[in-house]
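Undergrad: After the structure tokens below, expect a handful of questions from me.
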Amino acid sequence: MAEYYAKYRRGYPQQVLDFLQDYFSLTTDDSVLDLGCGTGQLALPLAPRVRSVIGMDPEPDMLRLARAAASHCEVRNATWVLGADTDVPALGMLLGHASSLAMTVVGQALHWMRHDDLFRDLLPLFRAGGGIAVVANGAPLWLQDTAWSRALRTCLEQHFETELTASCGTADQDRVRYAQALEDAGFSDVRSTTVSYPDELTFQQVIGGLYSAIPAEQLPRIDQRPAFEENVRRALPGAEPFPEQVLVSVLVGRTA
């Protein structure tokens, strides 16, 4: 799954990185934490803007590929740490409980975490004006408002014999819930912004994106994948490329 994640998960628009830098006043003296960093889609482009980046993820394969990508991009100020959101208190001990982090960014991963506890655990680790950014990098491929996305959803629901309703933290109600949790944890100036842009996907990008999102225990076996892919291809209307409007939402909150 990590291999598909590294190859097919989209990056983040420059406007998102610029907004984070401006909001948190990031400088080359700062350190940031990318929690649930995956294969480095946010950590690596953030690295040139700060002194150091800590990429933290519970999956060793994700970190292996993030480390390889950092080497390929000649990023030398990133540290990769095996850990989950529940390990943030231990990370605080390693940092000496100093208020040193300028930002913790969570990209398309907060729905896997206990966000209420996480926000409270992170609060004492920030420097003045530091805080949290929750970034949702577009709706899941099967929940978009296009004919091909609706056909894909029907196909997947039939294959997995379940209704696909989880928004993976990208829905408006998710952002409202996260914003309230940030305020409840003691963060201020909670606000959000969005960046929208059109994109087109090849069929292989659709399949790769699916494989990067399907839980490992449900991922079709290698010998089953040709039949699975053919079933998806027959379900999709029209020819590639498949258009989508990517809506990237950024929710932020900071300390006083």
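Ordered as shown in the structure tokens, chains take letters A, B, and onward, while each chain numbers its residues from 1 and ligands are numbered from 1 in the order shown.
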Run DSSP on the backbone of this structure and report the residues of segment 7-242 of chain A it assigns to alpha helix (DSSP H), as a PyMOL selection string.

TA: chain A and resi 7-8+14-23+43-46+60-72+88-94+115-122+147-160+172-185+203-213+225-235

Undergrad: Can I get the selected residues back with C-alpha atoms, as an mmCIF file, in the first residue's frame?

TA:
data_model
loop_
_atom_site.group_PDB
_atom_site.id
_atom_site.type_symbol
_atom_site.label_atom_id
_atom_site.label_comp_id
_atom_site.auth_asym_id
_atom_site.auth_seq_id
_atom_site.Cartn_x
_atom_site.Cartn_y
_atom_site.Cartn_z
ATOM 1 C CA LYS A 7 3.460 7.054 -6.375
ATOM 2 C CA TYR A 8 -0.163 8.131 -6.617
ATOM 3 C CA GLN A 14 1.971 26.015 -3.396
ATOM 4 C CA GLN A 15 -0.805 28.274 -2.062
ATOM 5 C CA VAL A 16 -1.328 25.879 0.858
ATOM 6 C CA LEU A 17 2.345 25.979 1.824
ATOM 7 C CA ASP A 18 2.380 29.771 1.515
ATOM 8 C CA PHE A 19 -0.708 30.080 3.726
ATOM 9 C CA LEU A 20 0.852 27.880 6.428
ATOM 10 C CA GLN A 21 4.088 29.851 6.335
ATOM 11 C CA ASP A 22 2.275 33.182 6.660
ATOM 12 C CA TYR A 23 -0.200 32.083 9.338
ATOM 13 C CA ALA A 43 7.046 17.157 5.055
ATOM 14 C CA LEU A 44 9.338 17.364 2.029
ATOM 15 C CA PRO A 45 8.019 20.619 0.484
ATOM 16 C CA LEU A 46 7.884 22.187 3.957
ATOM 17 C CA PRO A 60 7.498 1.556 8.767
ATOM 18 C CA ASP A 61 7.043 1.206 4.995
ATOM 19 C CA MET A 62 5.721 4.763 4.760
ATOM 20 C CA LEU A 63 8.803 6.043 6.566
ATOM 21 C CA ARG A 64 11.120 3.928 4.423
ATOM 22 C CA LEU A 65 9.744 5.517 1.267
ATOM 23 C CA ALA A 66 9.679 8.997 2.829
ATOM 24 C CA ARG A 67 13.350 8.613 3.701
ATOM 25 C CA ALA A 68 14.121 7.497 0.149
ATOM 26 C CA ALA A 69 12.194 10.459 -1.294
ATOM 27 C CA ALA A 70 14.070 12.842 1.006
ATOM 28 C CA SER A 71 17.377 11.427 -0.200
ATOM 29 C CA HIS A 72 16.271 11.748 -3.824
ATOM 30 C CA VAL A 88 2.867 12.550 20.979
ATOM 31 C CA PRO A 89 3.357 12.726 24.799
ATOM 32 C CA ALA A 90 6.472 10.565 24.397
ATOM 33 C CA LEU A 91 7.675 12.860 21.632
ATOM 34 C CA GLY A 92 7.157 15.757 24.023
ATOM 35 C CA MET A 93 9.470 14.073 26.501
ATOM 36 C CA LEU A 94 12.115 13.666 23.791
ATOM 37 C CA HIS A 115 -8.227 14.290 17.639
ATOM 38 C CA ASP A 116 -9.584 15.623 20.945
ATOM 39 C CA ASP A 117 -6.777 13.998 22.936
ATOM 40 C CA LEU A 118 -4.221 14.857 20.278
ATOM 41 C CA PHE A 119 -4.998 18.579 20.288
ATOM 42 C CA ARG A 120 -4.630 18.722 24.077
ATOM 43 C CA ASP A 121 -1.384 16.723 23.997
ATOM 44 C CA LEU A 122 0.125 19.019 21.378
ATOM 45 C CA ALA A 147 -20.495 10.784 -13.267
ATOM 46 C CA TRP A 148 -17.340 8.673 -13.192
ATOM 47 C CA SER A 149 -16.968 9.081 -9.421
ATOM 48 C CA ARG A 150 -20.563 8.007 -8.793
ATOM 49 C CA ALA A 151 -20.051 4.992 -11.060
ATOM 50 C CA LEU A 152 -16.850 4.153 -9.199
ATOM 51 C CA ARG A 153 -18.668 4.304 -5.882
ATOM 52 C CA THR A 154 -21.375 1.922 -7.082
ATOM 53 C CA CYS A 155 -18.734 -0.487 -8.369
ATOM 54 C CA LEU A 156 -16.791 -0.433 -5.095
ATOM 55 C CA GLU A 157 -19.894 -0.835 -2.966
ATOM 56 C CA GLN A 158 -20.843 -3.912 -4.972
ATOM 57 C CA HIS A 159 -17.331 -5.333 -4.759
ATOM 58 C CA PHE A 160 -16.903 -4.792 -1.009
ATOM 59 C CA ASP A 172 -17.847 20.228 5.868
ATOM 60 C CA GLN A 173 -19.169 18.650 9.056
ATOM 61 C CA ASP A 174 -15.720 17.191 9.751
ATOM 62 C CA ARG A 175 -14.148 20.642 9.537
ATOM 63 C CA VAL A 176 -16.757 22.106 11.892
ATOM 64 C CA ARG A 177 -16.118 19.296 14.383
ATOM 65 C CA TYR A 178 -12.342 19.718 14.212
ATOM 66 C CA ALA A 179 -12.617 23.514 14.557
ATOM 67 C CA GLN A 180 -14.688 23.174 17.715
ATOM 68 C CA ALA A 181 -12.206 20.651 19.119
ATOM 69 C CA LEU A 182 -9.328 23.072 18.499
ATOM 70 C CA GLU A 183 -11.139 25.832 20.395
ATOM 71 C CA ASP A 184 -12.055 23.445 23.211
ATOM 72 C CA ALA A 185 -8.395 22.436 23.541
ATOM 73 C CA PHE A 203 -7.227 5.249 -15.340
ATOM 74 C CA GLN A 204 -3.964 4.080 -13.749
ATOM 75 C CA GLN A 205 -4.041 7.083 -11.414
ATOM 76 C CA VAL A 206 -7.599 6.183 -10.395
ATOM 77 C CA ILE A 207 -6.516 2.611 -9.637
ATOM 78 C CA GLY A 208 -3.344 3.707 -7.872
ATOM 79 C CA GLY A 209 -5.303 6.181 -5.777
ATOM 80 C CA LEU A 210 -7.747 3.437 -4.820
ATOM 81 C CA TYR A 211 -5.003 1.022 -3.820
ATOM 82 C CA SER A 212 -3.390 3.719 -1.678
ATOM 83 C CA ALA A 213 -6.668 4.225 0.221
ATOM 84 C CA ARG A 225 -5.932 -7.203 -9.196
ATOM 85 C CA PRO A 226 -6.237 -7.635 -12.992
ATOM 86 C CA ALA A 227 -9.851 -8.797 -12.604
ATOM 87 C CA PHE A 228 -10.591 -6.047 -10.059
ATOM 88 C CA GLU A 229 -9.150 -3.389 -12.356
ATOM 89 C CA GLU A 230 -11.047 -4.687 -15.359
ATOM 90 C CA ASN A 231 -14.265 -4.585 -13.338
ATOM 91 C CA VAL A 232 -13.587 -0.955 -12.381
ATOM 92 C CA ARG A 233 -12.692 -0.029 -15.958
ATOM 93 C CA ARG A 234 -15.948 -1.449 -17.308
ATOM 94 C CA ALA A 235 -17.900 0.484 -14.658
#

Undergrad: Any idea what's packed within 7 Å of Gly55 of chain A, counting only C-alpha atoms, ignoring anything in its chain fewer than 5 positions away? Could you give it as a ChimeraX atom specification?

TA: /A:33-35,37,43,78-81

Undergrad: In Å to one decimal, how far is atom CA of Ala2 of chain A from atom CA of Pro215 of chain A?

TA: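 According to the coordinates, atom CA of Pro215 of chain A and atom CA of Ala2 of chain A are separated by 10.9 Å.
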
Undergrad: To one decimal in Å, tell me the separation between atom CA of Glu200 of chain A and atom CA of Ala216 of chain A.

TA: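 Separation of atom CA of Glu200 of chain A and atom CA of Ala216 of chain A: 26.3 Å.
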
Undergrad: My list of candidates is A:Asp57, A:Cys168, A:Val250, A:Thr255. Which is closest to Leu141 of chain A when distances are computed with only C-alpha atoms?

TA: A:Cys168

Undergrad: Go through A:Gly130, A:Met56, A:Leu95, A:Gln144 one by one, measure the shortest atom-to-atom distance of each to Ala109 of chain A using only C-alpha atoms, and give the residue with the smallest value.

TA: A:Met56

Undergrad: If DSSP is run on the backbone, what residues of segment 120-177 of chain A are strand (DSSP E)? A reply as a list in words would be ideal.

TA: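 After running DSSP on the backbone, segment 120-177 of chain A has strand (DSSP E) at Phe126, Arg127, Ala128, Gly129, Gly130, Gly131, Ile132, Ala133, Val134, Val135, Ala136 and Asn137 of chain A.
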
Undergrad: Could the residues in this selection be saved with C-alpha atoms as a CSV table (one decimal), in the first residue's frame?

TA:
chain,number,residue,atom,x,y,z
A,126,PHE,CA,4.3,24.9,20.6
A,127,ARG,CA,6.2,28.1,20.7
A,128,ALA,CA,4.2,31.4,21.0
A,129,GLY,CA,2.1,31.7,17.9
A,130,GLY,CA,2.6,28.0,16.9
A,131,GLY,CA,-0.2,25.6,16.4
A,132,ILE,CA,-2.0,23.0,14.4
A,133,ALA,CA,-2.9,22.8,10.7
A,134,VAL,CA,-5.4,20.1,9.5
A,135,VAL,CA,-5.2,19.7,5.7
A,136,ALA,CA,-7.8,17.8,3.7
A,137,ASN,CA,-6.4,17.2,0.2

Undergrad: Would you tabulate, counting only C-alpha atoms, all residues of segment 43-130 of chain A that have an atom at most 12 Å from an atom of segment 242-249 of chain A, showing the closest pair of atoms and their distance in Å to one decimal, sorted by chain then ascending number, as JSON lines?

TA:
{"residue": "A:Val106", "atom": "CA", "partner": "A:Ser249", "partner_atom": "CA", "distance": 11.8}
{"residue": "A:Gly107", "atom": "CA", "partner": "A:Ser249", "partner_atom": "CA", "distance": 10.0}
{"residue": "A:Gln108", "atom": "CA", "partner": "A:Val248", "partner_atom": "CA", "distance": 10.0}

Undergrad: Store the residues picked out above in a file with all heavy atoms, as a compact mmCIF listing (two decimals), in the first residue's frame.

TA:
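Full text of out15.txt as output:
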# COMPACT_ATOMS: atom_id res chain seq x y z
N VAL A 106 -1.28 17.97 9.97
CA VAL A 106 -1.86 16.64 9.77
C VAL A 106 -2.56 16.68 8.42
O VAL A 106 -3.56 17.37 8.24
CB VAL A 106 -2.85 16.27 10.88
CG1 VAL A 106 -3.36 14.85 10.67
CG2 VAL A 106 -2.22 16.42 12.25
N GLY A 107 -2.01 15.96 7.45
CA GLY A 107 -2.55 15.96 6.11
C GLY A 107 -3.31 14.68 5.80
O GLY A 107 -2.70 13.61 5.73
N GLN A 108 -4.62 14.79 5.63
CA GLN A 108 -5.46 13.66 5.22
C GLN A 108 -5.28 12.44 6.12
O GLN A 108 -5.29 11.30 5.67
CB GLN A 108 -5.15 13.28 3.76
CG GLN A 108 -6.27 12.61 3.01
CD GLN A 108 -7.30 13.62 2.49
OE1 GLN A 108 -7.23 14.80 2.77
NE2 GLN A 108 -8.26 13.14 1.74

Undergrad: Find the distance between atom CA of Pro220 of chain A and atom CA of Arg10 of chain A and write it in Å to one decimal.

TA: 22.1 Å
